[in-house]
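For reference, input.txt is printed below; it contains compact mmCIF, C-alpha atoms.
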# COMPACT_ATOMS: atom_id res chain seq x y z
CA ASN A 1 -14.32 12.43 6.24
CA THR A 2 -11.90 14.35 4.10
CA ILE A 3 -9.36 12.98 1.69
CA PRO A 4 -5.75 13.41 2.80
CA ILE A 5 -3.69 15.55 0.43
CA ILE A 6 0.05 15.21 -0.12
CA LEU A 7 1.55 17.81 -2.45
CA LEU A 8 4.52 16.73 -4.51
CA SER A 9 6.21 19.76 -6.06
CA ALA A 10 9.45 21.04 -7.55
CA LYS A 11 8.94 24.33 -5.70
CA ALA A 12 11.16 24.23 -2.63
CA GLN A 13 11.18 27.80 -1.35
CA SER A 14 9.83 28.19 2.17
CA SER A 15 6.99 30.43 0.94
CA ASP A 16 5.89 27.68 -1.48
CA ILE A 17 6.05 25.06 1.25
CA GLN A 18 4.07 27.23 3.67
CA ALA A 19 1.43 27.92 1.02
CA GLY A 20 1.23 24.23 0.19
CA LEU A 21 0.87 23.18 3.81
CA SER A 22 -1.97 25.65 4.25
CA VAL A 23 -4.07 23.48 1.91
CA ALA A 24 -2.47 20.03 2.25
CA ASP A 25 -1.49 17.57 4.95
CA GLU A 26 2.06 17.05 3.66
CA TYR A 27 4.40 18.73 1.18
CA ILE A 28 7.24 16.87 -0.51
CA THR A 29 9.75 18.51 -2.82
CA LYS A 30 11.37 16.95 -5.88
CA PRO A 31 13.62 15.12 -6.15
CA PHE A 32 12.29 12.78 -3.50
CA GLU A 33 12.99 9.27 -2.33
CA PRO A 34 10.13 6.82 -2.93
CA LEU A 35 10.57 5.57 0.64
CA GLU A 36 9.99 9.11 1.93
CA LEU A 37 6.71 9.28 0.01
CA LEU A 38 5.59 5.94 1.44
CA GLU A 39 6.49 7.08 4.96
CA ARG A 40 4.54 10.32 4.56
CA VAL A 41 1.51 8.43 3.22
CA ALA A 42 1.64 6.06 6.19
CA THR A 43 1.95 9.00 8.60
CA VAL A 44 -1.03 10.84 7.14
CA ILE A 45 -3.15 7.68 7.24
CA ALA A 46 -2.14 6.95 10.84
CA GLU A 47 -2.92 10.54 11.87
CA ARG A 48 -6.34 10.37 10.23
CA ARG A 49 -7.14 7.05 11.88
CA GLY A 50 -6.03 8.39 15.26
CA ALA A 51 -8.07 11.57 14.83
CA GLY A 52 -11.10 9.51 13.83
CA ARG A 53 -10.82 7.35 16.93
CA ALA A 54 -10.35 10.38 19.17
CA ALA A 55 -13.42 12.09 17.71
CA ALA A 56 -15.49 8.92 18.10
CA SER A 57 -14.54 8.56 21.76
CA ARG A 58 -15.21 12.22 22.66
CA PRO A 59 -18.61 12.85 24.25
CA SER A 60 -20.96 15.05 22.27
CA ALA A 61 -22.63 18.19 23.66
CA THR A 62 -25.41 15.95 25.02
CA GLY A 63 -22.93 13.80 26.91
CA GLU A 64 -23.44 10.84 24.57
CA PRO A 65 -20.49 9.36 22.69
CA ALA A 66 -20.16 10.73 19.16
Structure re-expressed in structure tokens:
Amino acid sequence: NTIPIILLSAKAQSSDIQAGLSVADEYITKPFEPLELLERVATVIAERRGAGRAAASRPSATGEPA
């Protein structure tokens, strides 16, 4: 498992955002609403949980569940 990363930055140019998203799951620019941060955290957690379930239900190369 990897740790989800959410970047919170004052840099708001599209090149900064693209660079940030190349290494993080989410990128939020300042100023931000606390509710937005909570929503992004919830989204990243839900995506990770969904990806974990999907990987666990996929058969491995041997045909056995992972």
Counting all atoms listed in the file, what is within 10 Å of Arg40 in chain A, bar same-chain residues fewer than 2 positions away, as an mmCIF file with C-alpha atoms, in the coordinates of the input?
data_model
loop_
_atom_site.group_PDB
_atom_site.id
_atom_site.type_symbol
_atom_site.label_atom_id
_atom_site.label_comp_id
_atom_site.auth_asym_id
_atom_site.auth_seq_id
_atom_site.Cartn_x
_atom_site.Cartn_y
_atom_site.Cartn_z
ATOM 1 C CA ILE A 6 0.050 15.210 -0.120
ATOM 2 C CA ASP A 25 -1.490 17.570 4.950
ATOM 3 C CA GLU A 26 2.060 17.050 3.660
ATOM 4 C CA TYR A 27 4.400 18.730 1.180
ATOM 5 C CA ILE A 28 7.240 16.870 -0.510
ATOM 6 C CA PRO A 34 10.130 6.820 -2.930
ATOM 7 C CA LEU A 35 10.570 5.570 0.640
ATOM 8 C CA GLU A 36 9.990 9.110 1.930
ATOM 9 C CA LEU A 37 6.710 9.280 0.010
ATOM 10 C CA LEU A 38 5.590 5.940 1.440
ATOM 11 C CA ALA A 42 1.640 6.060 6.190
ATOM 12 C CA THR A 43 1.950 9.000 8.600
ATOM 13 C CA VAL A 44 -1.030 10.840 7.140
ATOM 14 C CA ILE A 45 -3.150 7.680 7.240
ATOM 15 C CA ALA A 46 -2.140 6.950 10.840
#
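Interatomic distance, CA of Leu21 in chain A against CA of Glu47 in chain A: 15.5 Å.
Using only C-alpha atoms, the smallest distance between any of A:Arg48, A:Val41, A:Leu7, A:Phe32 and Gly20 in chain A comes from A:Leu7.
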Centre, x/y/z edge lengths, axis-aligned box for range 6-18 of chain A with 8 Å per side, as lines of an AutoDock Vina configuration file:
center_x = 5.6
center_y = 22.8
center_z = -1.9
size_x = 27.1
size_y = 31.2
size_z = 27.2
Write out as a tab-separated table (two decimals) with C-alpha atoms, keeping the file's coordinate frame the residues lying within 9 Å of Thr29 in chain A, counting all atoms listed in the file and excluding same-chain residues fewer than 2 positions away.
chain	number	residue	atom	x	y	z
A	7	LEU	CA	1.55	17.81	-2.45
A	8	LEU	CA	4.52	16.73	-4.51
A	9	SER	CA	6.21	19.76	-6.06
A	10	ALA	CA	9.45	21.04	-7.55
A	11	LYS	CA	8.94	24.33	-5.70
A	12	ALA	CA	11.16	24.23	-2.63
A	17	ILE	CA	6.05	25.06	1.25
A	27	TYR	CA	4.40	18.73	1.18
A	31	PRO	CA	13.62	15.12	-6.15
A	32	PHE	CA	12.29	12.78	-3.50
Reconstruct all heavy atoms of range 15-26 of chain A from the incomplete input and present them as a short mmCIF file (atom, residue, chain, number, x, y, z; two decimals), in the coordinates of the input.
data_model
loop_
_atom_site.label_atom_id
_atom_site.label_comp_id
_atom_site.auth_asym_id
_atom_site.auth_seq_id
_atom_site.Cartn_x
_atom_site.Cartn_y
_atom_site.Cartn_z
N SER A 15 8.32 29.84 1.18
CA SER A 15 6.99 30.43 0.94
C SER A 15 6.09 29.46 0.18
O SER A 15 4.88 29.38 0.44
CB SER A 15 7.10 31.75 0.18
OG SER A 15 7.73 31.55 -1.08
N ASP A 16 6.66 28.69 -0.75
CA ASP A 16 5.89 27.68 -1.48
C ASP A 16 5.45 26.56 -0.55
O ASP A 16 4.31 26.10 -0.61
CB ASP A 16 6.71 27.10 -2.63
CG ASP A 16 7.06 28.13 -3.68
OD1 ASP A 16 6.20 28.95 -4.03
OD2 ASP A 16 8.22 28.11 -4.15
N ILE A 17 6.36 26.13 0.31
CA ILE A 17 6.05 25.06 1.25
C ILE A 17 4.97 25.50 2.22
O ILE A 17 4.01 24.77 2.48
CB ILE A 17 7.32 24.59 1.99
CG1 ILE A 17 8.29 23.96 0.97
CG2 ILE A 17 6.98 23.61 3.11
CD1 ILE A 17 9.68 23.68 1.52
N GLN A 18 5.08 26.72 2.75
CA GLN A 18 4.07 27.23 3.67
C GLN A 18 2.71 27.33 2.99
O GLN A 18 1.69 26.95 3.58
CB GLN A 18 4.48 28.60 4.22
CG GLN A 18 5.62 28.52 5.19
CD GLN A 18 6.10 29.90 5.63
OE1 GLN A 18 5.82 30.90 4.99
NE2 GLN A 18 6.85 29.93 6.72
N ALA A 19 2.69 27.82 1.76
CA ALA A 19 1.43 27.92 1.02
C ALA A 19 0.85 26.53 0.78
O ALA A 19 -0.36 26.33 0.92
CB ALA A 19 1.65 28.65 -0.31
N GLY A 20 1.70 25.59 0.43
CA GLY A 20 1.23 24.23 0.19
C GLY A 20 0.67 23.58 1.44
O GLY A 20 -0.37 22.92 1.40
N LEU A 21 1.35 23.77 2.56
CA LEU A 21 0.87 23.18 3.81
C LEU A 21 -0.40 23.84 4.34
O LEU A 21 -1.08 23.27 5.19
CB LEU A 21 1.99 23.22 4.87
CG LEU A 21 3.12 22.23 4.63
CD1 LEU A 21 4.25 22.48 5.61
CD2 LEU A 21 2.61 20.80 4.72
N SER A 22 -0.72 25.02 3.82
CA SER A 22 -1.97 25.65 4.25
C SER A 22 -3.18 24.96 3.62
O SER A 22 -4.30 25.14 4.10
CB SER A 22 -1.96 27.15 3.90
OG SER A 22 -2.08 27.33 2.50
N VAL A 23 -2.95 24.17 2.57
CA VAL A 23 -4.07 23.48 1.91
C VAL A 23 -3.89 21.96 1.87
O VAL A 23 -4.79 21.25 1.43
CB VAL A 23 -4.28 24.00 0.47
CG1 VAL A 23 -4.67 25.45 0.47
CG2 VAL A 23 -3.05 23.77 -0.39
N ALA A 24 -2.74 21.46 2.33
CA ALA A 24 -2.47 20.03 2.25
C ALA A 24 -1.96 19.51 3.59
O ALA A 24 -1.55 20.28 4.46
CB ALA A 24 -1.43 19.76 1.16
N ASP A 25 -1.97 18.20 3.72
CA ASP A 25 -1.49 17.57 4.95
C ASP A 25 0.03 17.41 4.96
O ASP A 25 0.65 17.44 6.01
CB ASP A 25 -2.13 16.18 5.09
CG ASP A 25 -3.64 16.29 5.22
OD1 ASP A 25 -4.10 16.81 6.25
OD2 ASP A 25 -4.34 15.88 4.27
N GLU A 26 0.61 17.22 3.80
CA GLU A 26 2.06 17.05 3.66
C GLU A 26 2.52 17.74 2.39
O GLU A 26 1.74 17.94 1.46
CB GLU A 26 2.45 15.57 3.58
CG GLU A 26 2.35 14.82 4.89
CD GLU A 26 3.48 15.13 5.84
OE1 GLU A 26 4.49 15.75 5.44
OE2 GLU A 26 3.37 14.74 7.00
#
